[in-house]
Structures are given as C-alpha cells and as structure tokens.
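Chemist: Below: one structure in structure tokens.
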Amino acid sequence: MNNIKKLIFAILIGANAAAQTPIKIEVDATKPLFPIQPTMYGIFFEDINFGADGGLYAELIKNRSFEFEYPWMGWKHIPEAETRFNTENELTIYNNSKTNPQNPRVVRVDIRNATKTIGLQNEGFDGIGFKKDAKYDFSAFVRSNKGNVNIEVQLLNEKDEIIGTAKASQSSISWGKVEAVLTANQTVQKGKVNVIFSEVGQIDIDLISLFPQDTWKGRKGGLRKDMVQLLADMKPGFVRFPGGCIVEGRTLAERYQWKKTVGKIEDRELLINRWNKEFSHRPAPDYYQTFGLGFYEYFLLSEDIGAEPLPILSCGLACQFNSSETTPLDELDPFVQDALDLVEFANGDINTKWGALRAEMGHPAPFNLKMIGIGNEQWGQEYFDRYELISKAFKVKYPNIKLVSGTGPGAEGELFEQAEKALPKLNAEIVDEHYYKDPKWFRDNANRYDKYDRNRYKIFAGEYAAQSHGVVNPDNKNNWECALSEAAFMTGLERNADVVYMTSYAPLFAHVNRWQWTPDLIWFDNLTSFGTANYYVQKLFANNPGTSTLPIKSNGENLTGQNEIYASSSFDEKTNEVIIKLVNISTEAKSIELDIKGLAKRASGRNIKIVESDLKKYNTIDQPNKITPSESLFTIEKGKSMLSLAPNSFQIFRIKK
Ligand code: AHR
C-alpha cells in the first residue's frame, strides 16, 4: 500500500475523526515571522539525584579521598575485627590539614605481621556496576613510609566473588600515583571493590579511584558514555550548569564556587551536596560533591555536544528556601570577581592567569562563553540589589556577554510580579522563569507568552516539568499526560520565539534508587540509562526547531487548545522544510484539513510522532521503550492534506518546500 493510500485508509478507519467536521489548520509558508534562536531548546544540569557524583561523572568509588564528614563512609575494613582491635595491622585516618588543607585526610596502612593481609572495601554509590569484558582504570596516591607494602585490587560481584583482579605497583617513597587496569569477567549491577594490602611496611594512601575505560570520547577519568550520548542525541542549544539551588547553597559556605572546581583533581576541595539533607523523605547522607565534574568539564561537555555553555553563579544570597544567608552589598567584590574571572577562564588569552589554567588543563582554545547567569531562583529586593551591583560592575568589562537573571520560584504571584516590575529597570536581558505545575497548567498556559511585553527582556523558560501528583511529591511520574501537556505548552514557547530565547526541562538526571526529586528527564542505574516520555518530547522539539516561526492558525486564531489541539510551525532554511508541530490532547482522533500556503504542487515529507492512548503510562529502566517516537513518510498535494490526528498524540510534520 503506498503512502497516499495509507493516508486515505487512515482517514477512512478513523471513524470518530471521519464523523467530525474537519478542523481547518492554515500555515503560511510564505511569511516567516521571527527567527528561532539556536539556543531555543537546551539542557538544565544540576547535581541532584546523584546526577554528577554517582551518575554522569563516571568515578565508581564513593568517598575516594576520605573527606566525607565521617571519613570511613562508604568504606569497610577487611577484616573488620583485626584492623580495628589489633595492634599488629592497622588502618588509621591521618589528618594533614597543615600541609594539605583542601584534602587533608589520608589512610595510613601499617602492616607488622606479614602472615595477615588487611584491606579496604568500597561499596560504590549504590553498589558498583561492572560490564563483562570491560576494562577499568584503578589509581591511588601513595606514599611509602617503610618496607614494601603490596597493593592488590579486586572487583567483586553481588556474592562477593572476585570477578577481576590486578596488582598496583608502587615503589615511590614520596607521594606518587599507582595504577592498574582490571577486566571484569561478569556483568554486575551492584558490585564492590577491595583494595588489599600485604607485606610488612607502612604506606599512606589517598584518592582511591576506579573508572571504566569506556567513557564518553574515551577520556580518562571522564563521563558516562551512555548518559552523555542521550544528551548529545537531543542536539541541545545550550547547557546550563551547575544548577539549580546547588548554585546558592543552603548556606553561603555551601554555595557553588567555580574556582574550587578547576585545576588538578587532587586539589579540588570536596563539599557537602545541598540535596544531602534537603528532603527527610529521601535522605542522602552520603551525597557530596567531589567536583571531579567541575567547570572545565562542563565547558568541555557543552562543546562536545555543540551547545552554548550557560554557567550560573552565586549572587551572594544563599537559598531563600533555606537559610537566606545574605552577603552585605559592600562585600560583593568577590562575587563580581568570580564572574569576571570566569570569562577569563572561558575565553581569555592563554597568557592571562585564568586562560593559562584552561590551557594547562588541556584546552588552549577559548570556549567562547557568551552568557552568564547571576543568581539562580532568587527573589525580592535582596536579589535585585545584588543583581544590580554585580551586573553593573560586570558590564563595564564585558558589555557583550549577556546576563541571565531570574523571577524566583513561581510563574505567577506576588514575588513573580515584583520581579517583573523590578527587572526591566535593571536592564535585565534574559530572565529565567520556573514552573513546576500540574499538567493542566501547562495546557492552559500554551498562550502564556502570546501576551508578553515585546519591549522588555527575553525569556529563558529555565526550569519546568509537569507534576503528576504535586510539586516535589515523591509519587510524581514521568507519565505521558505530563509529557503531552509539556508538548502542548512548548508549542506556545515556540510560537513566541521573538520573546522566548531559551527553554529547558528540569531536573535532568535521576538515579533510579538514589533520587531526591521526581519527575526527571533521564533516569539511570549503575549500568544503563533511558529517556522518559518527557525526554522524547524535548528531543523532538530540539531536533526539529526550524530557523524562523511561521503563522499557523485555525479560524484566524493561534491553536492554544481549541478542539483540544495545540500547534506551532516553523521554516528551516538549512533544509528548506516547513515544520508543523501538532498536539492532540483529546481521547478522540481529530480530523484535520491542513492547508499550507507556499508549497510546491507535490511535496514529500516525514511524520515523526508519539502516540499513546494510556496517559498514565511511563518508561522504566526495565521497559525503557514503552513511549518512543516513530517515523513515516508521506506526500502532500498542492499543500493540502486531510489528516487523522491520533488521540493523545504529539506529531511533527517536516515537508520539503
Ligand atoms: O530542579 C530542582 C530545583 O528546583 C532547582 O534546584 C531549583 O532551582 C528549583 O527550585
């Protein structure tokens, strides 16, 4: 059956659709309206839900430097009794705060009785995932004080059987790195690692690390390949990092300070993760930030996946949901300096202080940073005052770098309105709005930006996700109703691309067992990761943005839910295609009479769609492909076509002009 016949057949069998009077939808491909920014669809990254340490950052050892509040957290002594209650062979934490204040603790291994071995066992973040035949790089910093202590590394499966082993050689007297490569002979979801010491002597050991060799781009000590691939597949316009509330900290001391996240890994100072104690219903006492994934790595990631970097910096205000600790206005210089130095780090000549560090880390070419966020989800006069001061000082040196500011946590209400009034007076350029709302809100707000003031700042829809049960409710699911409602809302973002310059779903990642916040775009365990229905909606928008919007109307009006249909359209000048996005939130098929002005007599196209009748359905780690897009070809005569739009579907039509 050819495609035209298929289409006619679909129309004939779509009984409900056929019974309706077709809804006429008109697209004018001769009248491009506004450019769609290349940054339109991006990624929001935050180290929440073990998204960085224990997630994207592929380190498998938890508490590798013994710097968690309790130094042995994540570690067990082997054998427990002999190392703790025996004077012969001992494991002790040594604190060298004078010589190494950023990373003071090491383990001192003393072996006096050569007939017995001792060791350390690491439990990983939620166990350690190993893949059969995959290779793993072990390393540690070691100082040999006496004798000649041997180090053997063992990979263990869930039954504590050894599935890979190697000796790590060390002969250095002063601090040096010991290394070994191990191969796993089984695939294991929740394994462990043993580091066994033998022979009489004494060593100090620190930064015990294990990485898979098969990382993204094969970089040593790099990122999880499967997780970056999901991001790359989205073709995002930007990556916002490192958050989120993590930028602000529960207190100022716990805020994110980018300068502490660059340079040598062994010199990066660990910090408690603010999501460690945030939710009593999902405690994560072992959640810390090693900053192995720091600002340099975020810039590199953005570059790798072709996205603009968007770092967000503290504005001197700790999270206003927590302590609200505030830096006095006359003490904001370090915050201004952090912003200025960040531009130097990203873009500066290699002869500048921060540019030289970037080059030393492996990237002499600039990262071409074009925008920075000042403050995350802040609100009130305290925020406006600090934004004003920092932005004015910053703009003196970098007038062409765009600044992103915010309207606080809500999409409406007093705080939001206050920000809407205050920010234009501060020459705000791009303003971040957040909405974590029920699915209906997203459907009802598809026209939100139709009415926005065109003469003030541009919008960054920086954090949003439809909540199936309630905001931060642990029962929230990434179900099809939420994803479809977001698709309906996003047609409104796209239609208003003259105001909306950037959008991103949040949060991005969640470990299936270690999450604090749900819903999330991508879920993962120790071995695999998968995209939710919401991920596929984001991906379809980001893969099919077009370069300028086109008018798309029914009865002369934008489609913002009339007949339960939502729509946007764009033209892609790179491929010479008209792109139409249609969302049908009805439980019935809809009969559509599509009329595209400006198309050649006969045109061919692709129809990419997600169709799912069960709104409560969602993808899981065991069944990750329940909701995924499918694609087919079609032809259209003289720009006119009859379509039966399946119930609860999101459809994209790409037609050669
Ligand atoms: O995305 C989770 C959190 O939601 C972010 O950290 C914060 O900005 C917002 O409140």
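Identifiers in the structure tokens: chain A, B, ... in order shown; residue index from 1 per chain; ligand index from 1 in order shown.
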Using only C-alpha atoms and all ligand atoms, find each residue with an atom at most 10 Å away from ligand 1 and format the answer as a ChimeraX atom specification.

Modeler: /A:44-49,242-249,274-275,319,321,375-378,408-410,433-436,462-465,471-472,505-509,516-520

Chemist: For Ile585 in chain A, list every protein, DNA or RNA residue within 8 Å, evaluated using only C-alpha atoms, and leave out those in the same chain fewer than 6 positions away; present the list as JSON, numbers by chain.

Modeler: {"A": [484, 485, 564, 565, 647, 648, 649]}

Chemist: Given the choices A:Trp515, A:Tyr398, A:Phe130, A:Trp175, which gets closest to Gly191 in chain A if the distance is worked out from only C-alpha atoms?

Modeler: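 Counting only C-alpha atoms, the residue closest to Gly191 in chain A is A:Phe130.
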
Chemist: Of the candidates A:Leu33, A:Ile459, A:Ile608, A:Leu301, which one gets nearest to Lys539 in chain A if we count only C-alpha atoms?

Modeler: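 Among A:Leu33, A:Ile459, A:Ile608, A:Leu301, it is A:Ile608 that comes nearest to Lys539 in chain A.
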
Chemist: Write out as a PyMOL selection string the residues lying within 12 Å of range 418-428 of chain A, counting only C-alpha atoms and excluding same-chain residues fewer than 4 positions away.

Modeler: chain A and resi 373-374+377-392+395+402-414+432-433+452-460

Chemist: Per DSSP on the backbone, filter range 436-573 of chain A down to the residues in strand (DSSP E) and report them as a ChimeraX atom specification.

Modeler: /A:436-437,458-466,500-505,509-511,522-524,529-531,548-549,552-554,557-558,565-572

Chemist: Work out how far CA of Leu340 in chain A is from CA of Val396 in chain A, in Å to one decimal.

Modeler: 10.2 Å

Chemist: Separation of CA of Phe141 in chain A and CA of Ser174 in chain A, in Å?

Modeler: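 Distance between the two atoms: 9.8 Å.
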
Chemist: From the options A:Ile430, A:Leu342, A:Cys482, A:Ala567, which residue's atoms come nearest to Ala446 in chain A, counting only C-alpha atoms?

Modeler: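 Under the stated criterion, the closest residue is A:Ala567.
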
Chemist: Any chance you could list, as a list in words, the residues in range 172-286 of chain A that come up helix (DSSP H, G or I) when DSSP is run on the backbone?

Modeler: Trp216, Lys217, Gly218, Lys225, Asp226, Met227, Val228, Gln229, Leu230, Leu231, Ala232, Asp233, Met234, Cys245, Ile246, Val247, Leu252, Ala253, Glu254, Trp258, Lys259, Lys260, Thr261, Ile265, Glu266 and Asp267 of chain A

Chemist: Within 6 Å of Gly237 in chain A, counting only C-alpha atoms, which residues qualify if same-chain residues fewer than 6 places away don't, as a list of chain:residue names?

Modeler: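 Result of the neighbour search: A:Pro38, A:Thr39, A:Tyr41, A:Gly42, A:Ala307.
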
Chemist: Excluding Gly294 in chain A and its own-chain neighbours fewer than 4 positions away, which residues fall within 8 Å of it when counting only C-alpha atoms? Please give them as a list of chain:residue names.

Modeler: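 Listed by chain and then number, they are A:Trp258, A:Thr261, A:Val262, A:Tyr298.
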
Chemist: With N, CA and C atoms kept, could you save the residues just selected as a CSV table (one decimal), in the first residue's frame?

Modeler:
```csv
chain,number,residue,atom,x,y,z
A,258,TRP,N,33.1,28.2,41.6
A,258,TRP,CA,33.7,27.5,40.4
A,258,TRP,C,35.2,27.4,40.5
A,261,THR,N,36.6,24.2,41.6
A,261,THR,CA,36.2,23.0,40.9
A,261,THR,C,37.1,22.9,39.6
A,262,VAL,N,38.2,23.7,39.5
A,262,VAL,CA,39.1,23.6,38.4
A,262,VAL,C,40.5,23.3,38.9
A,298,TYR,N,32.4,20.9,32.5
A,298,TYR,CA,31.1,21.4,32.0
A,298,TYR,C,31.3,22.1,30.6
```

Chemist: Restricting the calculation to only C-alpha atoms: of A:Lys131, A:Lys440, A:Lys235, A:Lys581, which residue gets closest to Glu494 in chain A?

Modeler: A:Lys581

Chemist: May I have the residues within 12 Å of Gly531 in chain A as a PyMOL selection string, using only C-alpha atoms and disregarding those fewer than 2 positions away in the same chain?

Modeler: chain A and resi 226-231+233-234+478-479+483+508-510+519-524+528-529+533-539+618-621+623-629

Chemist: So, counting only C-alpha atoms, which residue among A:Ser604, A:Asn103, A:Gln202, A:Gln186 is closest to Asn150 in chain A?

Modeler: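 With only C-alpha atoms as the atom set, the closest residue is A:Gln202.
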
Chemist: Hey, which bits of range 260-326 of chain A sit within 9 Å of range 65-83 of chain A, and for each residue what's the closest pair of atoms and how far apart in Å (one decimal), counting only C-alpha atoms, rows by chain and increasing number, as CSV?

Modeler:
```
residue,atom,partner,partner_atom,distance
A:Glu266,CA,A:Ser65,CA,8.6
A:Glu269,CA,A:Glu67,CA,8.9
A:Leu270,CA,A:Glu67,CA,6.8
A:Leu271,CA,A:Phe68,CA,8.3
A:Ile272,CA,A:Phe68,CA,7.7
A:Asp286,CA,A:Met73,CA,7.3
A:Tyr287,CA,A:Phe68,CA,8.8
A:Tyr288,CA,A:Phe68,CA,7.1
A:Thr290,CA,A:Ser65,CA,8.9
```

Chemist: Counting only C-alpha atoms, which residue out of A:Asp330, A:Asp137, A:Asp498, A:Glu325 sits closest to Lys220 in chain A?

Modeler: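 Ranking A:Asp330, A:Asp137, A:Asp498, A:Glu325 by distance to Lys220 in chain A, first place goes to A:Asp137.
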
Chemist: Neighbours of range 160-165 of chain A within 8 Å (only C-alpha atoms; same-chain residues fewer than 4 positions away dropped), as a PyMOL selection string?

Modeler: chain A and resi 152-156+182-186+191-192

Chemist: Residues of the last selection are to be written out with all heavy atoms, as a compact mmCIF listing (two decimals), in the first residue's frame.

Modeler:
```txt
# COMPACT_ATOMS: atom_id res chain seq x y z
N GLU A 152 46.77 -4.99 46.13
CA GLU A 152 46.04 -5.76 45.13
C GLU A 152 44.61 -5.24 45.07
O GLU A 152 43.99 -4.98 46.11
CB GLU A 152 46.02 -7.25 45.51
CG GLU A 152 45.37 -8.08 44.44
CD GLU A 152 45.11 -9.52 44.86
OE1 GLU A 152 45.79 -10.02 45.78
OE2 GLU A 152 44.22 -10.13 44.26
N VAL A 153 44.12 -5.06 43.87
CA VAL A 153 42.75 -4.55 43.70
C VAL A 153 41.87 -5.70 43.22
O VAL A 153 42.28 -6.47 42.34
CB VAL A 153 42.71 -3.41 42.66
CG1 VAL A 153 41.34 -2.74 42.65
CG2 VAL A 153 43.80 -2.38 42.95
N GLN A 154 40.67 -5.81 43.80
CA GLN A 154 39.76 -6.88 43.39
C GLN A 154 38.39 -6.29 43.09
O GLN A 154 37.87 -5.47 43.86
CB GLN A 154 39.59 -7.90 44.54
CG GLN A 154 40.88 -8.54 44.98
CD GLN A 154 40.73 -9.27 46.31
OE1 GLN A 154 39.77 -9.06 47.06
NE2 GLN A 154 41.70 -10.14 46.59
N LEU A 155 37.79 -6.72 41.97
CA LEU A 155 36.39 -6.37 41.67
C LEU A 155 35.53 -7.53 42.17
O LEU A 155 35.87 -8.69 41.93
CB LEU A 155 36.18 -6.19 40.16
CG LEU A 155 37.18 -5.31 39.41
CD1 LEU A 155 36.78 -5.19 37.94
CD2 LEU A 155 37.29 -3.93 40.05
N LEU A 156 34.44 -7.21 42.86
CA LEU A 156 33.59 -8.27 43.43
C LEU A 156 32.18 -8.19 42.84
O LEU A 156 31.68 -7.10 42.55
CB LEU A 156 33.46 -8.11 44.94
CG LEU A 156 34.73 -7.99 45.78
CD1 LEU A 156 34.37 -7.85 47.25
CD2 LEU A 156 35.63 -9.19 45.57
N LEU A 182 42.06 -3.32 35.31
CA LEU A 182 41.36 -4.57 35.64
C LEU A 182 40.31 -4.85 34.57
O LEU A 182 39.73 -3.92 34.01
CB LEU A 182 40.64 -4.46 36.99
CG LEU A 182 41.54 -4.27 38.21
CD1 LEU A 182 41.63 -2.80 38.57
CD2 LEU A 182 41.01 -5.08 39.37
N THR A 183 40.05 -6.14 34.35
CA THR A 183 38.97 -6.52 33.43
C THR A 183 37.93 -7.30 34.22
O THR A 183 38.29 -8.22 34.97
CB THR A 183 39.53 -7.42 32.29
OG1 THR A 183 40.62 -6.71 31.69
CG2 THR A 183 38.47 -7.71 31.25
N ALA A 184 36.68 -6.94 34.06
CA ALA A 184 35.61 -7.67 34.77
C ALA A 184 35.21 -8.88 33.93
O ALA A 184 35.07 -8.76 32.72
CB ALA A 184 34.41 -6.75 34.97
N ASN A 185 35.06 -10.04 34.58
CA ASN A 185 34.65 -11.21 33.79
C ASN A 185 33.16 -11.51 33.93
O ASN A 185 32.68 -12.55 33.52
CB ASN A 185 35.52 -12.43 34.11
CG ASN A 185 35.39 -12.85 35.57
OD1 ASN A 185 34.35 -12.63 36.20
ND2 ASN A 185 36.45 -13.44 36.12
N GLN A 186 32.41 -10.57 34.52
CA GLN A 186 30.94 -10.72 34.64
C GLN A 186 30.30 -9.35 34.56
O GLN A 186 30.94 -8.36 34.91
CB GLN A 186 30.60 -11.26 36.04
CG GLN A 186 30.52 -12.73 36.19
CD GLN A 186 30.24 -13.12 37.65
OE1 GLN A 186 29.57 -12.39 38.40
NE2 GLN A 186 30.78 -14.25 38.03
N GLY A 191 28.18 -4.35 42.38
CA GLY A 191 29.41 -4.95 42.86
C GLY A 191 30.11 -4.08 43.89
O GLY A 191 29.55 -3.08 44.38
N LYS A 192 31.33 -4.49 44.26
CA LYS A 192 32.15 -3.74 45.23
C LYS A 192 33.60 -3.80 44.77
O LYS A 192 33.93 -4.58 43.88
CB LYS A 192 32.06 -4.39 46.62
CG LYS A 192 30.68 -4.42 47.21
CD LYS A 192 30.72 -5.16 48.56
CE LYS A 192 29.33 -5.61 48.94
NZ LYS A 192 29.18 -7.07 48.91
```
